[in-house]
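A.B. asks: Attaching a single structure in structure tokens format; questions to follow.
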Amino acid sequence: MAICCVAALGGLLFGYDSSVISGAIEPLSHHYQLTPAQTGWAVANVIIGCVAGCLTAGWLADRIGRKKSLIFTAVLFIASVLGTALAPDFTTFVLFRMLGGVGIGIASVVSPVYIAEVAPKDYRGRAMTMHMICCTGGQVLVLATNYLIAKDASPQWLAETGWRWMLGSAFVPCVLFFIFVGFIPESPRWNTLVGRHQQALDTLTRISNPQHARHVLAEIQASLSAENQQGVTREKVTFNRRTLIFLTLGVGLAAFNQLTGINVIQYFGPTLLMNVTDDMEQAMFMTIWLAALQFVGVLGGMSLIDKVGRRALLLVGSLGSACCLLFTFITFYYGVKGIVSVVGLFGYMLLFGATWGQVVWTVIGEIFPTRLRAAGMGFSIGAMWIANFLVSQSFPMMNMNPWLSHTFHGGFPLLLFTASSLLSWWFVKALLPETKGVSLEGMEQHVLDHVARQKSAQTAKTLS
């Protein structure tokens, strides 16, 4: 589990780097005199890098290994932090933020893949949750840091210097991740994939015991042998019916993870909350509580994911999120001020953290066959970042649109997120099997059997 913790630190950098902009965006916008579209671009440009990182992460992780990919990620993070904090102009800021996005994209794929491949099956859900714990922990840490930097500071100082300190605060965790990741072993499944069977056995023995290690290695070898007989190659992903089934699940879950609006709250939390309070410092303080509640939700969900199961948590999360978002929309629409207006958001963050916030990462890290896992994760997380880009780029324009603002009182985006939550419930109900307790080597057949049963049931229903 200690090995998984180190890999999960990639999630901390993911959360820290993706949320650091929330406190910096207002003073940064004043510093560069940005339009609403440019403000959206200042936030969303990182996602271009994230998509590029996701789409290359599978190839990179299969080519040089999971461990070296994580080391490369740490280097990108360090360069991005220094570049954005010291940027002399907006163009330089955008370029280095995109570079950080590449690092986030690679980390968001490789870190969960590594954890899934190292963790025992009975603890895989909890081990995968470490990634989300670190991610939300990073968000709480950076929001608290932003608040402390901005507290009692003048708007002029924040616009000139404060936002640089906010962005530069990520330097320390980036360096620590670079140091720690050098001590973890390579994934045993990747070692087996490239023919390094003894190294794979050594790692499996290190994380379990000699007898169990030999048994797991035999399972991995048998799984890869079966894929070889089916004509699957490591160098190329074949888009046949089997592959599309897994990609539909992975891409769909990843996209819905973002279309419910979670990153609007993380990126634009203070901006969104300015609809219910006129004090920027108070809005930033409430944003810390939103992130903290998500963190608490992840901790609570960690104890449930291997007991209740993935599918049940996602279904509850979809309906619960829809209710919380609808409640928040109603308070915005009727102009309710004060704590009542954010109760729904508090409930949403807590529920999202316990369900969709962590379960999606676990499921898309475990449903793909070994040879497709890195590439499948890349496509899925790429879809997540594309959905993130669409939401993040459009939010400032929706929030500042005079007609939408007058008609819905700042609540229109919340109405869209409510509808997305309901659609996500249907998607999970219709397509996703329960994956709790299923070994990685048995996952492919488990998913295919579920699809076959669903198709047979649908055919029988149509005929009747």
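Residue numbers start at 1 in each chain; chains themselves are named A, B, ... in the order of the structure tokens; ligands are numbered from 1 in the order shown.
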List as number ranges by chain the protein and nucleic acid residues near A:Gly344, meaning an atom at most 7 Å away when only C-alpha atoms are counted, but skip any in the same chain fewer than 4 places from it.
C.D. replies: A: 324-325, 327-328, 348
A.B. asks: Can you tell me which residues surround stretch 113-119 of chain A at a distance of at most 10 Å, considering only C-alpha atoms, apart from same-chain residues fewer than 3 positions away, and format the answer as a PyMOL selection string?
C.D. replies: chain A and resi 1+3-8+58+61+65-67+70+107-110+122-131+185-190+203-204+207-208+361-366+368+370+373-374+377-378+440
A.B. asks: Save out the residues we just selected, C-alpha atoms, as a PDB file, in the first residue's frame.
C.D. replies:
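The resulting file, selection_0.pdb, is reproduced below:
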```pdb
ATOM      1  CA  MET A   1       0.000   0.000   0.000  1.00  0.00           C
ATOM      2  CA  ILE A   3       3.939   1.859  -3.056  1.00  0.00           C
ATOM      3  CA  CYS A   4       0.399   2.823  -4.097  1.00  0.00           C
ATOM      4  CA  CYS A   5       0.567   5.912  -1.854  1.00  0.00           C
ATOM      5  CA  VAL A   6       3.657   7.187  -3.654  1.00  0.00           C
ATOM      6  CA  ALA A   7       2.056   6.665  -7.073  1.00  0.00           C
ATOM      7  CA  ALA A   8      -1.112   8.333  -5.803  1.00  0.00           C
ATOM      8  CA  GLY A  58      -0.871   5.078 -23.176  1.00  0.00           C
ATOM      9  CA  ALA A  61       3.475   4.034 -20.460  1.00  0.00           C
ATOM     10  CA  GLY A  65       7.068   1.798 -18.463  1.00  0.00           C
ATOM     11  CA  ARG A  66       4.777   3.173 -15.795  1.00  0.00           C
ATOM     12  CA  LYS A  67       7.537   4.317 -13.413  1.00  0.00           C
ATOM     13  CA  LEU A  70       5.637   9.171 -13.673  1.00  0.00           C
ATOM     14  CA  ALA A 107      -0.413  11.552 -14.471  1.00  0.00           C
ATOM     15  CA  SER A 108      -4.191  11.127 -14.659  1.00  0.00           C
ATOM     16  CA  VAL A 109      -3.684   8.039 -16.843  1.00  0.00           C
ATOM     17  CA  VAL A 110      -0.483   6.439 -15.576  1.00  0.00           C
ATOM     18  CA  ASP A 122      -9.509  -7.404  -2.749  1.00  0.00           C
ATOM     19  CA  TYR A 123      -7.988  -4.009  -1.930  1.00  0.00           C
ATOM     20  CA  ARG A 124      -7.910  -2.554  -5.433  1.00  0.00           C
ATOM     21  CA  GLY A 125     -10.901  -0.269  -4.896  1.00  0.00           C
ATOM     22  CA  ARG A 126      -9.445   1.252  -1.744  1.00  0.00           C
ATOM     23  CA  ALA A 127      -5.983   1.491  -3.304  1.00  0.00           C
ATOM     24  CA  MET A 128      -7.398   3.258  -6.361  1.00  0.00           C
ATOM     25  CA  THR A 129      -9.240   5.620  -4.036  1.00  0.00           C
ATOM     26  CA  MET A 130      -5.849   6.809  -2.775  1.00  0.00           C
ATOM     27  CA  HIS A 131      -5.472   8.591  -6.114  1.00  0.00           C
ATOM     28  CA  PRO A 185       9.238  -0.565  -8.419  1.00  0.00           C
ATOM     29  CA  GLU A 186       8.052  -0.944 -11.996  1.00  0.00           C
ATOM     30  CA  SER A 187       4.581  -2.433 -12.535  1.00  0.00           C
ATOM     31  CA  PRO A 188       4.793  -6.257 -12.580  1.00  0.00           C
ATOM     32  CA  ARG A 189       2.186  -6.432 -15.336  1.00  0.00           C
ATOM     33  CA  TRP A 190       4.204  -4.106 -17.565  1.00  0.00           C
ATOM     34  CA  THR A 203       7.917  -7.017  -7.453  1.00  0.00           C
ATOM     35  CA  LEU A 204       4.976  -9.353  -6.820  1.00  0.00           C
ATOM     36  CA  ILE A 207       4.102  -6.738  -2.295  1.00  0.00           C
ATOM     37  CA  SER A 208       2.703 -10.167  -1.271  1.00  0.00           C
ATOM     38  CA  TRP A 361     -11.155   6.388 -11.576  1.00  0.00           C
ATOM     39  CA  THR A 362     -11.342   2.900 -10.075  1.00  0.00           C
ATOM     40  CA  VAL A 363     -13.621   1.487 -12.773  1.00  0.00           C
ATOM     41  CA  ILE A 364     -11.768   2.864 -15.788  1.00  0.00           C
ATOM     42  CA  GLY A 365      -8.513   1.713 -14.218  1.00  0.00           C
ATOM     43  CA  GLU A 366      -9.713  -1.883 -13.925  1.00  0.00           C
ATOM     44  CA  PHE A 368      -9.655  -2.708 -19.639  1.00  0.00           C
ATOM     45  CA  THR A 370      -3.936  -5.629 -19.794  1.00  0.00           C
ATOM     46  CA  ARG A 373      -5.333  -0.743 -20.267  1.00  0.00           C
ATOM     47  CA  ALA A 374      -2.890   2.119 -20.805  1.00  0.00           C
ATOM     48  CA  MET A 377      -7.204   4.844 -19.945  1.00  0.00           C
ATOM     49  CA  GLY A 378      -5.647   7.392 -22.297  1.00  0.00           C
ATOM     50  CA  LEU A 440      -7.986  -7.889 -13.647  1.00  0.00           C
TER      51      LEU A 440
END
```
A.B. asks: Quick check, in Å to one decimal: how far apart do atom CA of A:Pro88 and atom CA of A:Leu272 lie?
C.D. replies: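 Atom-to-atom, atom CA of A:Pro88 and atom CA of A:Leu272 are spaced 28.4 Å apart.
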A.B. asks: Quick one: residues within 9 Å of A:Arg97, only C-alpha atoms, excluding same-chain residues fewer than 6 positions away - as a PyMOL selection string?
C.D. replies: chain A and resi 42-43+45-46+49+80-81+83-84
A.B. asks: Check the smallest atom-to-atom distance from each of A:Val316, A:Pro369, A:Val94, A:Ala354 to A:Gln445 using only C-alpha atoms, then report the winner.
C.D. replies: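 So, comparing all the options, the nearest one is A:Pro369.
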